[in-house]
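Reproduced below: protein_19.cif, with mmCIF, C-alpha atoms.
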data_input
#
loop_
_atom_site.group_PDB
_atom_site.id
_atom_site.type_symbol
_atom_site.label_atom_id
_atom_site.label_comp_id
_atom_site.auth_asym_id
_atom_site.auth_seq_id
_atom_site.Cartn_x
_atom_site.Cartn_y
_atom_site.Cartn_z
ATOM 1 C CA THR A 1 90.714 92.286 74.069
ATOM 2 C CA LEU A 2 94.442 91.641 73.744
ATOM 3 C CA THR A 3 96.002 91.964 70.285
ATOM 4 C CA ALA A 4 99.391 90.857 68.988
ATOM 5 C CA THR A 5 100.658 91.943 65.575
ATOM 6 C CA LEU A 6 103.602 90.223 63.934
ATOM 7 C CA THR A 7 105.682 92.526 61.751
ATOM 8 C CA GLY A 8 107.340 91.214 58.620
ATOM 9 C CA SER A 9 106.376 90.152 55.145
ATOM 10 C CA ALA A 10 104.926 86.690 55.806
ATOM 11 C CA SER A 11 101.449 86.010 57.180
ATOM 12 C CA ALA A 12 101.728 84.067 60.403
ATOM 13 C CA THR A 13 100.268 80.660 61.193
ATOM 14 C CA GLY A 14 99.622 79.122 64.577
ATOM 15 C CA THR A 15 98.749 80.854 67.810
ATOM 16 C CA VAL A 16 99.983 83.474 70.239
ATOM 17 C CA THR A 17 99.790 82.741 73.962
ATOM 18 C CA PHE A 18 98.924 85.748 76.115
ATOM 19 C CA LYS A 19 100.295 85.753 79.665
ATOM 20 C CA ASP A 20 99.898 87.853 82.773
ATOM 21 C CA GLY A 21 103.307 87.401 84.379
ATOM 22 C CA SER A 22 103.779 83.611 84.381
ATOM 23 C CA THR A 23 100.018 82.856 84.249
ATOM 24 C CA THR A 24 98.602 81.883 80.864
ATOM 25 C CA LEU A 25 95.445 83.849 80.075
ATOM 26 C CA GLY A 26 94.678 82.111 76.778
ATOM 27 C CA SER A 27 95.634 82.132 73.122
ATOM 28 C CA GLY A 28 94.617 83.692 69.856
ATOM 29 C CA THR A 29 94.917 82.283 66.329
ATOM 30 C CA PHE A 30 96.526 84.403 63.645
ATOM 31 C CA SER A 31 94.517 85.959 60.866
ATOM 32 C CA GLY A 32 97.163 87.386 58.551
ATOM 33 C CA THR A 33 99.609 89.020 60.944
ATOM 34 C CA THR A 34 97.216 89.680 63.853
ATOM 35 C CA ALA A 35 96.027 87.462 66.699
ATOM 36 C CA THR A 36 93.499 88.501 69.347
ATOM 37 C CA PHE A 37 92.207 87.085 72.615
ATOM 38 C CA ALA A 38 89.250 88.443 74.590
ATOM 39 C CA THR A 39 89.299 88.117 78.367
ATOM 40 C CA SER A 40 87.337 89.431 81.298
ATOM 41 C CA SER A 41 89.509 87.679 83.892
ATOM 42 C CA LEU A 42 91.874 90.577 84.631
ATOM 43 C CA THR A 43 91.227 91.973 88.083
ATOM 44 C CA VAL A 44 91.619 95.528 89.306
ATOM 45 C CA GLY A 45 95.330 96.267 89.614
ATOM 46 C CA THR A 46 98.561 96.245 87.683
ATOM 47 C CA HIS A 47 99.270 93.513 85.126
ATOM 48 C CA THR A 48 102.331 92.641 83.065
ATOM 49 C CA ILE A 49 100.982 91.236 79.808
ATOM 50 C CA THR A 50 103.191 89.439 77.283
ATOM 51 C CA ALA A 51 102.499 87.746 73.965
ATOM 52 C CA VAL A 52 104.442 84.554 73.178
ATOM 53 C CA TYR A 53 104.688 83.225 69.607
ATOM 54 C CA GLY A 54 106.410 79.942 68.752
ATOM 55 C CA GLY A 55 107.161 80.843 65.130
ATOM 56 C CA ASP A 56 106.470 79.048 61.856
ATOM 57 C CA GLY A 57 108.223 78.405 58.546
ATOM 58 C CA GLY A 58 108.253 82.089 57.588
ATOM 59 C CA ASN A 59 108.463 83.823 60.966
ATOM 60 C CA ALA A 60 110.817 83.543 63.927
ATOM 61 C CA SER A 61 109.541 82.897 67.441
ATOM 62 C CA ALA A 62 109.036 85.966 69.605
ATOM 63 C CA THR A 63 108.116 87.008 73.123
ATOM 64 C CA SER A 64 107.361 90.626 73.730
ATOM 65 C CA PRO A 65 105.373 92.882 76.006
ATOM 66 C CA LEU A 66 102.252 94.356 74.515
ATOM 67 C CA PRO A 67 102.364 98.119 73.890
ATOM 68 C CA VAL A 68 100.470 98.698 77.136
ATOM 69 C CA ALA A 69 102.476 96.189 79.137
ATOM 70 C CA ARG A 70 101.644 97.626 82.546
ATOM 71 C CA SER A 71 98.134 98.883 82.968
ATOM 72 C CA ARG A 72 96.253 100.071 86.012
ATOM 73 C CA ILE A 73 92.505 99.652 86.274
ATOM 74 C CA SER A 74 91.205 101.696 89.179
ATOM 75 C CA ALA A 75 88.672 100.371 91.653
ATOM 76 C CA GLY A 76 86.614 103.536 91.073
ATOM 77 C CA TRP A 77 86.436 102.843 87.353
ATOM 78 C CA ALA A 78 85.339 99.252 88.020
ATOM 79 C CA ARG A 79 82.595 100.437 90.404
ATOM 80 C CA ARG A 80 81.341 103.061 87.911
ATOM 81 C CA THR A 81 81.258 100.470 85.124
ATOM 82 C CA ALA A 82 79.321 97.999 87.293
ATOM 83 C CA ARG A 83 76.883 100.750 88.294
ATOM 84 C CA MET A 84 76.296 101.748 84.647
ATOM 85 C CA ARG A 85 75.655 98.104 83.702
ATOM 86 C CA ARG A 86 73.062 97.754 86.493
ATOM 87 C CA GLN A 87 71.329 100.977 85.380
ATOM 88 C CA ARG A 88 70.990 99.690 81.800
ATOM 89 C CA GLN A 89 69.280 96.468 82.909
#

Give the structure from the file, written as structure tokens.
Amino acid sequence: TLTATLTGSASATGTVTFKDGSTTLGSGTFSGTTATFATSSLTVGTHTITAVYGGDGGNASATSPLPVARSRISAGWARRTARMRRQRQ
């Protein structure tokens, strides 16, 4: 799950678009100052994730990397997770 939090005094309206490089992953609608988007489409490897917000009457537009902007998911971790899921079934 990707999460974007807008800092400031005004609750945000609208959506945040989450991107992996130039590819749009999806968007999340604000609830207060936080928007989330759940995805399972990220593959094993390094990803540069950004959150893009167009702004509203009380908040300026913003584009920023998420706190963990470059993450590495190892192939070994993915195999272990798949194996654990099979064992639970």

(request) Mind checking which residues fall within 8 Å of Phe30 in chain A, counting only C-alpha atoms, ignoring those fewer than 4 positions away in the same chain, and posting them as a PyMOL selection string? (result) chain A and resi 12-16+34-36

(message) If I take CA of Ala4 in chain A and CA of Ala51 in chain A, how far is one from the other in Å, to one decimal?
(response)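 A separation of 6.6 Å between them.
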
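Pairwise distance (CA of Leu6 in chain A, CA of Thr33 in chain A) equals 5.1 Å.
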
(message) Nearest residue to Thr50 in chain A out of A:Gly26, A:Gly8, A:Pro65, A:Gly32, using all atoms listed in the file?
(response)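 So, comparing all the options, the nearest one is A:Pro65.
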
(message) Ranking A:Thr63, A:Val52, A:Val44, A:Gly57 by minimum distance to Thr17 in chain A and counting all atoms listed in the file, which one comes first?
(response)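 Between A:Thr63, A:Val52, A:Val44, A:Gly57, the residue approaching Thr17 in chain A most closely is A:Val52.
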
(request) Enter the distance from CA of Asp56 in chain A to CA of Gly28 in chain A, in Å, rounded to one decimal. (result)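 Between CA of Asp56 in chain A and CA of Gly28 in chain A the gap is 15.0 Å.
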
Around range 14-17 of chain A, with edges along x, y and z and 6 Å added on all six sides, what centre and edge lengths do you get, in Å to one decimal, as lines of an AutoDock Vina configuration file?
center_x = 99.4
center_y = 81.3
center_z = 69.3
size_x = 13.2
size_y = 16.4
size_z = 21.4

(request) Could you tell me which of A:Thr46, A:Ala62, A:Phe37, A:Tyr53 comes closest to Thr1 in chain A if we count all atoms listed in the file? (result) A:Phe37

(request) Return the single residue from A:Thr48, A:Thr29, A:Ser11, A:Thr43 that is closest to Ser64 in chain A, with distances computed using only C-alpha atoms. (result)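 Ranking A:Thr48, A:Thr29, A:Ser11, A:Thr43 by distance to Ser64 in chain A, first place goes to A:Thr48.
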
(message) From the options A:Leu25, A:Asp20, A:Ala38, A:Gly54, which residue's atoms come nearest to Thr3 in chain A, counting all atoms listed in the file?
(response) A:Ala38

(request) Using all atoms listed in the file, pick whichever of A:Thr39, A:Asn59, A:His47, A:Thr5 has the shortest atom-to-atom distance to Ser27 in chain A. (result) A:Thr39

From the structure block, carefully write range 14-48 of chain A out with N, CA, C and O atoms; format it as a PDB file, in the first residue's frame.
ATOM      1  N   GLY A  14      -9.757  15.811  -3.514  1.00  0.00           N
ATOM      2  CA  GLY A  14      -9.229  15.321  -4.779  1.00  0.00           C
ATOM      3  C   GLY A  14      -8.422  14.059  -4.591  1.00  0.00           C
ATOM      4  O   GLY A  14      -8.587  13.332  -3.612  1.00  0.00           O
ATOM      5  N   THR A  15      -7.534  13.800  -5.544  1.00  0.00           N
ATOM      6  CA  THR A  15      -6.782  12.557  -5.545  1.00  0.00           C
ATOM      7  C   THR A  15      -5.287  12.799  -5.704  1.00  0.00           C
ATOM      8  O   THR A  15      -4.853  13.861  -6.136  1.00  0.00           O
ATOM      9  N   VAL A  16      -4.532  11.785  -5.339  1.00  0.00           N
ATOM     10  CA  VAL A  16      -3.093  11.734  -5.566  1.00  0.00           C
ATOM     11  C   VAL A  16      -2.856  10.624  -6.574  1.00  0.00           C
ATOM     12  O   VAL A  16      -3.416   9.532  -6.452  1.00  0.00           O
ATOM     13  N   THR A  17      -2.036  10.893  -7.581  1.00  0.00           N
ATOM     14  CA  THR A  17      -1.656   9.879  -8.553  1.00  0.00           C
ATOM     15  C   THR A  17      -0.294   9.325  -8.165  1.00  0.00           C
ATOM     16  O   THR A  17       0.647  10.092  -7.970  1.00  0.00           O
ATOM     17  N   PHE A  18      -0.206   8.010  -8.031  1.00  0.00           N
ATOM     18  CA  PHE A  18       1.050   7.358  -7.687  1.00  0.00           C
ATOM     19  C   PHE A  18       1.683   6.831  -8.969  1.00  0.00           C
ATOM     20  O   PHE A  18       1.012   6.202  -9.788  1.00  0.00           O
ATOM     21  N   LYS A  19       2.983   7.116  -9.137  1.00  0.00           N
ATOM     22  CA  LYS A  19       3.691   6.712 -10.349  1.00  0.00           C
ATOM     23  C   LYS A  19       4.945   5.924 -10.014  1.00  0.00           C
ATOM     24  O   LYS A  19       5.566   6.155  -8.980  1.00  0.00           O
ATOM     25  N   ASP A  20       5.302   5.046 -10.909  1.00  0.00           N
ATOM     26  CA  ASP A  20       6.560   4.318 -10.866  1.00  0.00           C
ATOM     27  C   ASP A  20       7.343   4.826 -12.069  1.00  0.00           C
ATOM     28  O   ASP A  20       7.081   4.418 -13.197  1.00  0.00           O
ATOM     29  N   GLY A  21       8.254   5.765 -11.841  1.00  0.00           N
ATOM     30  CA  GLY A  21       8.902   6.452 -12.957  1.00  0.00           C
ATOM     31  C   GLY A  21       7.851   7.264 -13.686  1.00  0.00           C
ATOM     32  O   GLY A  21       7.157   8.076 -13.083  1.00  0.00           O
ATOM     33  N   SER A  22       7.665   7.024 -14.990  1.00  0.00           N
ATOM     34  CA  SER A  22       6.644   7.750 -15.750  1.00  0.00           C
ATOM     35  C   SER A  22       5.353   6.945 -15.895  1.00  0.00           C
ATOM     36  O   SER A  22       4.384   7.426 -16.484  1.00  0.00           O
ATOM     37  N   THR A  23       5.299   5.740 -15.333  1.00  0.00           N
ATOM     38  CA  THR A  23       4.123   4.872 -15.440  1.00  0.00           C
ATOM     39  C   THR A  23       3.170   5.124 -14.280  1.00  0.00           C
ATOM     40  O   THR A  23       3.555   5.038 -13.117  1.00  0.00           O
ATOM     41  N   THR A  24       1.923   5.426 -14.601  1.00  0.00           N
ATOM     42  CA  THR A  24       0.908   5.630 -13.568  1.00  0.00           C
ATOM     43  C   THR A  24       0.472   4.289 -13.006  1.00  0.00           C
ATOM     44  O   THR A  24       0.067   3.392 -13.746  1.00  0.00           O
ATOM     45  N   LEU A  25       0.578   4.151 -11.686  1.00  0.00           N
ATOM     46  CA  LEU A  25       0.141   2.932 -11.001  1.00  0.00           C
ATOM     47  C   LEU A  25      -1.343   3.001 -10.665  1.00  0.00           C
ATOM     48  O   LEU A  25      -2.047   2.005 -10.720  1.00  0.00           O
ATOM     49  N   GLY A  26      -1.804   4.178 -10.263  1.00  0.00           N
ATOM     50  CA  GLY A  26      -3.194   4.368  -9.864  1.00  0.00           C
ATOM     51  C   GLY A  26      -3.304   5.604  -9.001  1.00  0.00           C
ATOM     52  O   GLY A  26      -2.352   6.369  -8.863  1.00  0.00           O
ATOM     53  N   SER A  27      -4.480   5.804  -8.407  1.00  0.00           N
ATOM     54  CA  SER A  27      -4.670   6.993  -7.582  1.00  0.00           C
ATOM     55  C   SER A  27      -5.415   6.650  -6.308  1.00  0.00           C
ATOM     56  O   SER A  27      -6.070   5.625  -6.207  1.00  0.00           O
ATOM     57  N   GLY A  28      -5.261   7.544  -5.344  1.00  0.00           N
ATOM     58  CA  GLY A  28      -5.940   7.416  -4.069  1.00  0.00           C
ATOM     59  C   GLY A  28      -6.651   8.702  -3.736  1.00  0.00           C
ATOM     60  O   GLY A  28      -6.165   9.787  -4.049  1.00  0.00           O
ATOM     61  N   THR A  29      -7.842   8.603  -3.149  1.00  0.00           N
ATOM     62  CA  THR A  29      -8.630   9.774  -2.759  1.00  0.00           C
ATOM     63  C   THR A  29      -8.279  10.168  -1.337  1.00  0.00           C
ATOM     64  O   THR A  29      -8.088   9.310  -0.476  1.00  0.00           O
ATOM     65  N   PHE A  30      -8.195  11.470  -1.102  1.00  0.00           N
ATOM     66  CA  PHE A  30      -7.852  11.953   0.232  1.00  0.00           C
ATOM     67  C   PHE A  30      -8.961  11.700   1.235  1.00  0.00           C
ATOM     68  O   PHE A  30     -10.141  11.839   0.943  1.00  0.00           O
ATOM     69  N   SER A  31      -8.536  11.332   2.433  1.00  0.00           N
ATOM     70  CA  SER A  31      -9.375  11.308   3.615  1.00  0.00           C
ATOM     71  C   SER A  31      -8.627  12.157   4.624  1.00  0.00           C
ATOM     72  O   SER A  31      -7.598  11.726   5.157  1.00  0.00           O
ATOM     73  N   GLY A  32      -9.078  13.378   4.835  1.00  0.00           N
ATOM     74  CA  GLY A  32      -8.316  14.328   5.654  1.00  0.00           C
ATOM     75  C   GLY A  32      -7.089  14.773   4.899  1.00  0.00           C
ATOM     76  O   GLY A  32      -7.186  15.397   3.855  1.00  0.00           O
ATOM     77  N   THR A  33      -5.912  14.390   5.392  1.00  0.00           N
ATOM     78  CA  THR A  33      -4.670  14.766   4.712  1.00  0.00           C
ATOM     79  C   THR A  33      -3.907  13.559   4.185  1.00  0.00           C
ATOM     80  O   THR A  33      -2.750  13.665   3.809  1.00  0.00           O
ATOM     81  N   THR A  34      -4.565  12.380   4.136  1.00  0.00           N
ATOM     82  CA  THR A  34      -3.895  11.158   3.707  1.00  0.00           C
ATOM     83  C   THR A  34      -4.642  10.499   2.553  1.00  0.00           C
ATOM     84  O   THR A  34      -5.865  10.401   2.575  1.00  0.00           O
ATOM     85  N   ALA A  35      -3.873  10.042   1.559  1.00  0.00           N
ATOM     86  CA  ALA A  35      -4.432   9.272   0.454  1.00  0.00           C
ATOM     87  C   ALA A  35      -3.626   7.980   0.325  1.00  0.00           C
ATOM     88  O   ALA A  35      -2.401   7.999   0.473  1.00  0.00           O
ATOM     89  N   THR A  36      -4.304   6.875   0.067  1.00  0.00           N
ATOM     90  CA  THR A  36      -3.619   5.592  -0.078  1.00  0.00           C
ATOM     91  C   THR A  36      -4.040   4.914  -1.373  1.00  0.00           C
ATOM     92  O   THR A  36      -5.111   5.184  -1.919  1.00  0.00           O
ATOM     93  N   PHE A  37      -3.166   4.026  -1.839  1.00  0.00           N
ATOM     94  CA  PHE A  37      -3.451   3.215  -3.025  1.00  0.00           C
ATOM     95  C   PHE A  37      -2.781   1.861  -2.833  1.00  0.00           C
ATOM     96  O   PHE A  37      -1.581   1.790  -2.571  1.00  0.00           O
ATOM     97  N   ALA A  38      -3.554   0.788  -2.936  1.00  0.00           N
ATOM     98  CA  ALA A  38      -3.014  -0.558  -2.790  1.00  0.00           C
ATOM     99  C   ALA A  38      -2.709  -1.132  -4.167  1.00  0.00           C
ATOM    100  O   ALA A  38      -3.519  -1.015  -5.087  1.00  0.00           O
ATOM    101  N   THR A  39      -1.540  -1.723  -4.306  1.00  0.00           N
ATOM    102  CA  THR A  39      -1.154  -2.337  -5.574  1.00  0.00           C
ATOM    103  C   THR A  39      -0.367  -3.607  -5.328  1.00  0.00           C
ATOM    104  O   THR A  39       0.349  -3.714  -4.340  1.00  0.00           O
ATOM    105  N   SER A  40      -0.530  -4.542  -6.236  1.00  0.00           N
ATOM    106  CA  SER A  40       0.288  -5.755  -6.215  1.00  0.00           C
ATOM    107  C   SER A  40       1.053  -5.865  -7.530  1.00  0.00           C
ATOM    108  O   SER A  40       1.614  -6.909  -7.835  1.00  0.00           O
ATOM    109  N   SER A  41       1.074  -4.785  -8.314  1.00  0.00           N
ATOM    110  CA  SER A  41       1.665  -4.834  -9.645  1.00  0.00           C
ATOM    111  C   SER A  41       3.169  -4.556  -9.677  1.00  0.00           C
ATOM    112  O   SER A  41       3.780  -4.681 -10.727  1.00  0.00           O
ATOM    113  N   LEU A  42       3.772  -4.196  -8.553  1.00  0.00           N
ATOM    114  CA  LEU A  42       5.207  -3.934  -8.558  1.00  0.00           C
ATOM    115  C   LEU A  42       5.970  -5.247  -8.624  1.00  0.00           C
ATOM    116  O   LEU A  42       5.717  -6.160  -7.854  1.00  0.00           O
ATOM    117  N   THR A  43       6.886  -5.332  -9.565  1.00  0.00           N
ATOM    118  CA  THR A  43       7.667  -6.540  -9.757  1.00  0.00           C
ATOM    119  C   THR A  43       8.916  -6.507  -8.890  1.00  0.00           C
ATOM    120  O   THR A  43       9.264  -5.478  -8.303  1.00  0.00           O
ATOM    121  N   VAL A  44       9.610  -7.615  -8.835  1.00  0.00           N
ATOM    122  CA  VAL A  44      10.883  -7.680  -8.129  1.00  0.00           C
ATOM    123  C   VAL A  44      11.840  -6.709  -8.795  1.00  0.00           C
ATOM    124  O   VAL A  44      11.931  -6.651 -10.019  1.00  0.00           O
ATOM    125  N   GLY A  45      12.510  -5.885  -8.022  1.00  0.00           N
ATOM    126  CA  GLY A  45      13.463  -4.928  -8.560  1.00  0.00           C
ATOM    127  C   GLY A  45      13.355  -3.584  -7.885  1.00  0.00           C
ATOM    128  O   GLY A  45      12.679  -3.424  -6.878  1.00  0.00           O
ATOM    129  N   THR A  46      14.027  -2.622  -8.466  1.00  0.00           N
ATOM    130  CA  THR A  46      14.076  -1.268  -7.929  1.00  0.00           C
ATOM    131  C   THR A  46      13.010  -0.407  -8.593  1.00  0.00           C
ATOM    132  O   THR A  46      12.825  -0.481  -9.806  1.00  0.00           O
ATOM    133  N   HIS A  47      12.316   0.399  -7.790  1.00  0.00           N
ATOM    134  CA  HIS A  47      11.251   1.260  -8.295  1.00  0.00           C
ATOM    135  C   HIS A  47      11.427   2.672  -7.750  1.00  0.00           C
ATOM    136  O   HIS A  47      11.785   2.842  -6.593  1.00  0.00           O
ATOM    137  N   THR A  48      11.143   3.657  -8.584  1.00  0.00           N
ATOM    138  CA  THR A  48      11.143   5.047  -8.147  1.00  0.00           C
ATOM    139  C   THR A  48       9.689   5.495  -8.087  1.00  0.00           C
ATOM    140  O   THR A  48       9.054   5.720  -9.116  1.00  0.00           O
TER     141      THR A  48
END
